[in-house]
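All remarks here apply to the structure that follows.
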Amino acid sequence: MGAFDSLTASISGMQAQAFALQNISGNIANSQTTAFKSNDTNFTDLLNGQMVGASDGVTAASTSTNTKQGTIASSSISSFMAINGDGYFSVEQPVASSTSGQPSFSGATQAYTRRGDFQLDSNGYLVNGAGNYLMGNMVDPSTGNATNGTPQLLQFNASSLPTDQGTLTSISIGQNGAVQGNFSSGKTMTLASVPLSSFRGDEFLQSGDGNTLTATTQSGAAISSAPGTIVGSALESSNVDITDQFTAMIATQQAYGANTKVMGATNEMLQTATNMAV
């Protein structure tokens, strides 16, 4: 490897370590974000095209998501829910809002999340802290049967609530993701169910804003079943281990510094060669 090749290799090393540090900083920043999954950096060797077997540096090839489940903690808010095991909530984000505050979902892309801090908004939707609107299957309170075959946006308003039970006072989550409405009449009725989706290739899901994921060709389409279960009045915490992240940050910083020393040493060699030529 020549001097210029060592410069290229050290620059690629600095760029790769800077990318890794970006992931580490994002993990640490989201250590308290509900159901956040940490990101790991994968590195790939770059080979010198003119020297067989010689390394020409490194690149941060990809970012993989650590899908380990976070700790599930109880919550005093009855509409919160956590997933114990595998699975994702189906959600949508509105693309616009009317002047009256009604969200519009025309053209919205269905997404998936494990963030379950859902609460009723003024329009009767269940919305989590990242602005994702929950999807599920509405249930006829009188029969207990689902009124739709595929998940749709859950909205609890005059058209979907029983008229003989007074006003809806609160929402709670029962077993198997049953959404139960508590009414001023004192009666509790099942209004909807929340299914969980799964994927054959979870590691290929595309990350998006608001702690969401969308399906890709590699992940495959969502499967309308998952082995996980929904726990009501609970939240899943972030799976970020601060100790591991600080250890990785120190190693990344040391690797970045070592690459700068290689660059400095190469620069001195080139200066020496230049002075000799003169």
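A note on labels: chains of the structure tokens are A, B, ... as shown, every chain counts residues from 1, and ligands are counted from 1 in their shown order.
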List the spatial neighbours of Asp121 in chain A as a ChimeraX atom specification - criterion: any atom at most 12 Å away, only C-alpha atoms, same-chain residues fewer than 2 positions off excluded. /A:79,101-103,118-119,123-129,131-134,154-157,170-171
Output C-alpha atoms for every residue in that selection, as a tab-separated table (two decimals), in the first residue's frame.
```
chain	number	residue	atom	x	y	z
A	79	SER	CA	-55.30	3.18	27.34
A	101	GLY	CA	-58.79	19.97	13.25
A	102	GLN	CA	-60.07	16.80	11.58
A	103	PRO	CA	-57.12	14.73	10.26
A	118	PHE	CA	-52.06	5.70	22.97
A	119	GLN	CA	-54.66	8.12	24.30
A	123	ASN	CA	-61.80	13.47	17.59
A	124	GLY	CA	-62.10	10.03	19.21
A	125	TYR	CA	-58.92	8.55	17.72
A	126	LEU	CA	-56.30	6.66	19.72
A	127	VAL	CA	-53.03	8.52	19.11
A	128	ASN	CA	-49.60	7.83	20.60
A	129	GLY	CA	-46.99	10.37	21.67
A	131	GLY	CA	-48.61	11.27	16.46
A	132	ASN	CA	-49.37	7.78	15.12
A	133	TYR	CA	-53.06	6.82	14.89
A	134	LEU	CA	-53.93	3.27	15.95
A	154	LEU	CA	-60.10	3.26	15.23
A	155	GLN	CA	-62.41	6.18	15.96
A	156	PHE	CA	-64.89	6.26	18.82
A	157	ASN	CA	-67.58	8.82	18.09
A	170	SER	CA	-62.60	6.39	29.31
A	171	ILE	CA	-60.90	3.67	27.30
```
Name the residues of range 14-215 of chain A that come out as strand (DSSP E) in a backbone DSSP run; write them as a ChimeraX atom specification. /A:39-47,55-65,72-74,81-84,89-92,96-97,103-104,111-113,119-120,126-127,133-138,152-153,168-173,178-183,188-193,206-208,212-214
Where in range 86-276 of chain A does DSSP assign helix (DSSP H, G or I), given as JSON, numbers by chain? {"A": [175, 176, 177, 202, 203, 204, 242, 243, 244, 245, 246, 247, 248, 249, 250, 251, 252, 253, 254, 255, 256, 257, 258, 259, 260, 261, 262, 263, 264, 265, 266, 267, 268, 269, 270, 271, 272, 273, 274, 275, 276]}
Kindly save the residues from that selection, with N, CA and C atoms included, as a short mmCIF file (atom, residue, chain, number, x, y, z; two decimals), in the first residue's frame.
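Wrote it out as again.cif, contents follow:
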```
data_model
loop_
_atom_site.label_atom_id
_atom_site.label_comp_id
_atom_site.auth_asym_id
_atom_site.auth_seq_id
_atom_site.Cartn_x
_atom_site.Cartn_y
_atom_site.Cartn_z
N GLN A 175 -57.77 -8.08 27.88
CA GLN A 175 -56.98 -9.21 27.40
C GLN A 175 -57.03 -9.30 25.88
N ASN A 176 -55.90 -9.76 25.32
CA ASN A 176 -55.78 -9.97 23.87
C ASN A 176 -56.05 -8.71 23.05
N GLY A 177 -55.78 -7.54 23.64
CA GLY A 177 -55.92 -6.30 22.90
C GLY A 177 -57.34 -5.83 22.73
N ASP A 202 -37.95 -9.08 9.79
CA ASP A 202 -38.02 -7.87 10.62
C ASP A 202 -36.80 -6.96 10.43
N GLU A 203 -35.62 -7.58 10.22
CA GLU A 203 -34.40 -6.79 10.12
C GLU A 203 -34.34 -5.94 8.86
N PHE A 204 -35.25 -6.17 7.91
CA PHE A 204 -35.27 -5.41 6.66
C PHE A 204 -36.34 -4.32 6.65
N ILE A 242 -27.25 1.93 28.37
CA ILE A 242 -26.35 3.08 28.42
C ILE A 242 -24.90 2.65 28.61
N THR A 243 -24.67 1.63 29.44
CA THR A 243 -23.30 1.16 29.67
C THR A 243 -22.67 0.65 28.38
N ASP A 244 -23.41 -0.14 27.62
CA ASP A 244 -22.90 -0.65 26.34
C ASP A 244 -22.63 0.49 25.37
N GLN A 245 -23.51 1.50 25.36
CA GLN A 245 -23.35 2.60 24.42
C GLN A 245 -22.11 3.44 24.77
N PHE A 246 -21.86 3.67 26.05
CA PHE A 246 -20.67 4.44 26.43
C PHE A 246 -19.40 3.65 26.13
N THR A 247 -19.45 2.33 26.30
CA THR A 247 -18.30 1.49 25.95
C THR A 247 -18.02 1.57 24.46
N ALA A 248 -19.09 1.47 23.66
CA ALA A 248 -18.94 1.57 22.21
C ALA A 248 -18.44 2.96 21.80
N MET A 249 -18.89 4.00 22.51
CA MET A 249 -18.47 5.36 22.19
C MET A 249 -16.97 5.54 22.43
N ILE A 250 -16.47 4.96 23.53
CA ILE A 250 -15.04 5.06 23.83
C ILE A 250 -14.22 4.34 22.75
N ALA A 251 -14.67 3.12 22.37
CA ALA A 251 -13.96 2.37 21.34
C ALA A 251 -13.98 3.11 20.00
N THR A 252 -15.13 3.72 19.68
CA THR A 252 -15.25 4.47 18.42
C THR A 252 -14.35 5.69 18.43
N GLN A 253 -14.30 6.37 19.56
CA GLN A 253 -13.44 7.55 19.68
C GLN A 253 -11.97 7.18 19.52
N GLN A 254 -11.57 6.05 20.13
CA GLN A 254 -10.19 5.60 20.02
C GLN A 254 -9.84 5.23 18.58
N ALA A 255 -10.79 4.57 17.91
CA ALA A 255 -10.54 4.17 16.51
C ALA A 255 -10.45 5.41 15.62
N TYR A 256 -11.28 6.40 15.88
CA TYR A 256 -11.23 7.64 15.09
C TYR A 256 -9.88 8.33 15.32
N GLY A 257 -9.45 8.41 16.58
CA GLY A 257 -8.17 9.04 16.88
C GLY A 257 -7.00 8.31 16.25
N ALA A 258 -7.06 6.97 16.22
CA ALA A 258 -5.99 6.19 15.60
C ALA A 258 -5.90 6.48 14.11
N ASN A 259 -7.05 6.65 13.47
CA ASN A 259 -7.04 6.97 12.04
C ASN A 259 -6.44 8.36 11.78
N THR A 260 -6.70 9.30 12.68
CA THR A 260 -6.09 10.62 12.49
C THR A 260 -4.57 10.55 12.63
N LYS A 261 -4.07 9.67 13.51
CA LYS A 261 -2.62 9.50 13.66
C LYS A 261 -2.00 8.89 12.40
N VAL A 262 -2.73 7.93 11.79
CA VAL A 262 -2.25 7.35 10.52
C VAL A 262 -2.16 8.44 9.46
N MET A 263 -3.18 9.30 9.41
CA MET A 263 -3.16 10.40 8.44
C MET A 263 -1.98 11.34 8.71
N GLY A 264 -1.75 11.64 9.99
CA GLY A 264 -0.63 12.52 10.33
C GLY A 264 0.71 11.91 9.97
N ALA A 265 0.87 10.61 10.26
CA ALA A 265 2.13 9.92 9.95
C ALA A 265 2.36 9.88 8.44
N THR A 266 1.29 9.63 7.68
CA THR A 266 1.40 9.59 6.22
C THR A 266 1.77 10.96 5.67
N ASN A 267 1.17 11.99 6.26
CA ASN A 267 1.49 13.36 5.83
C ASN A 267 2.96 13.68 6.07
N GLU A 268 3.51 13.26 7.20
CA GLU A 268 4.93 13.48 7.49
C GLU A 268 5.81 12.74 6.48
N MET A 269 5.44 11.51 6.14
CA MET A 269 6.20 10.74 5.15
C MET A 269 6.22 11.44 3.80
N LEU A 270 5.06 11.95 3.39
CA LEU A 270 4.99 12.63 2.10
C LEU A 270 5.80 13.92 2.12
N GLN A 271 5.79 14.63 3.24
CA GLN A 271 6.59 15.85 3.35
C GLN A 271 8.08 15.52 3.28
N THR A 272 8.47 14.42 3.94
CA THR A 272 9.88 14.00 3.89
C THR A 272 10.29 13.67 2.46
N ALA A 273 9.42 12.92 1.75
CA ALA A 273 9.71 12.56 0.36
C ALA A 273 9.81 13.80 -0.51
N THR A 274 8.93 14.77 -0.26
CA THR A 274 8.94 16.01 -1.03
C THR A 274 10.23 16.79 -0.78
N ASN A 275 10.66 16.86 0.46
CA ASN A 275 11.89 17.58 0.79
C ASN A 275 13.11 16.91 0.17
N MET A 276 13.12 15.59 0.14
CA MET A 276 14.22 14.85 -0.47
C MET A 276 14.30 15.14 -1.97
#
```
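Between CA of Thr147 in chain A and CA of Val179 in chain A the separation is 14.0 Å.
Near Gly228 in chain A, within 9 Å and counting only C-alpha atoms, sit Ile83, Asn84, Gly85, Asp86, Gly87, Tyr88 and Leu196 of chain A, not including residues fewer than 4 positions from it in the same chain.
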Give me a file of those residues, with C-alpha atoms, as a short mmCIF file (atom, residue, chain, number, x, y, z; two decimals), in the first residue's frame.
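Just written: selection-v3.cif:
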```cif
data_model
loop_
_atom_site.label_atom_id
_atom_site.label_comp_id
_atom_site.auth_asym_id
_atom_site.auth_seq_id
_atom_site.Cartn_x
_atom_site.Cartn_y
_atom_site.Cartn_z
CA ILE A 83 -46.36 -5.84 23.38
CA ASN A 84 -44.94 -8.83 25.22
CA GLY A 85 -43.09 -10.85 22.58
CA ASP A 86 -43.06 -10.36 18.81
CA GLY A 87 -45.40 -8.10 16.91
CA TYR A 88 -46.23 -4.53 15.92
CA LEU A 196 -50.61 -7.49 16.00
#
```
Tell me, counting only C-alpha atoms, for each residue of range 109-163 of chain A within 9 Å of range 235-240 of chain A, which pair of atoms is nearest and how far apart they are in Å to one decimal, in rows ordered by chain and increasing number, as a tab-separated table.
```
residue	atom	partner	partner_atom	distance
A:Arg114	CA	A:Glu236	CA	7.9
A:Arg115	CA	A:Glu236	CA	7.4
A:Gly116	CA	A:Leu235	CA	6.3
A:Asp117	CA	A:Leu235	CA	6.8
```
Hey, what's within 7 Å of range 136-143 of chain A if we count only C-alpha atoms and toss same-chain stuff fewer than 6 positions away? As a count of residues only, please? 12
Record the distance separating CA of Met81 in chain A and CA of Lys187 in chain A, expressed in Å with one decimal. 21.7 Å
Please identify all polymer residues within 10 Å of Gly26 in chain A, counting only C-alpha atoms, omitting same-chain residues fewer than 6 positions from it, and present them as number ranges by chain. A: 20, 38-39
Let's have the selection written as a PDB file, in the first residue's frame, with N, CA and C atoms.
```pdb
ATOM      1  N   ALA A  20     -20.647   5.611  12.873  1.00  0.00           N
ATOM      2  CA  ALA A  20     -20.953   4.787  14.042  1.00  0.00           C
ATOM      3  C   ALA A  20     -21.288   5.657  15.245  1.00  0.00           C
ATOM      4  N   SER A  38     -32.443   0.114  19.700  1.00  0.00           N
ATOM      5  CA  SER A  38     -31.133   0.683  19.391  1.00  0.00           C
ATOM      6  C   SER A  38     -30.622   0.218  18.032  1.00  0.00           C
ATOM      7  N   ASN A  39     -29.751   1.029  17.440  1.00  0.00           N
ATOM      8  CA  ASN A  39     -29.172   0.737  16.136  1.00  0.00           C
ATOM      9  C   ASN A  39     -27.684   0.417  16.264  1.00  0.00           C
TER      10      ASN A  39
END
```
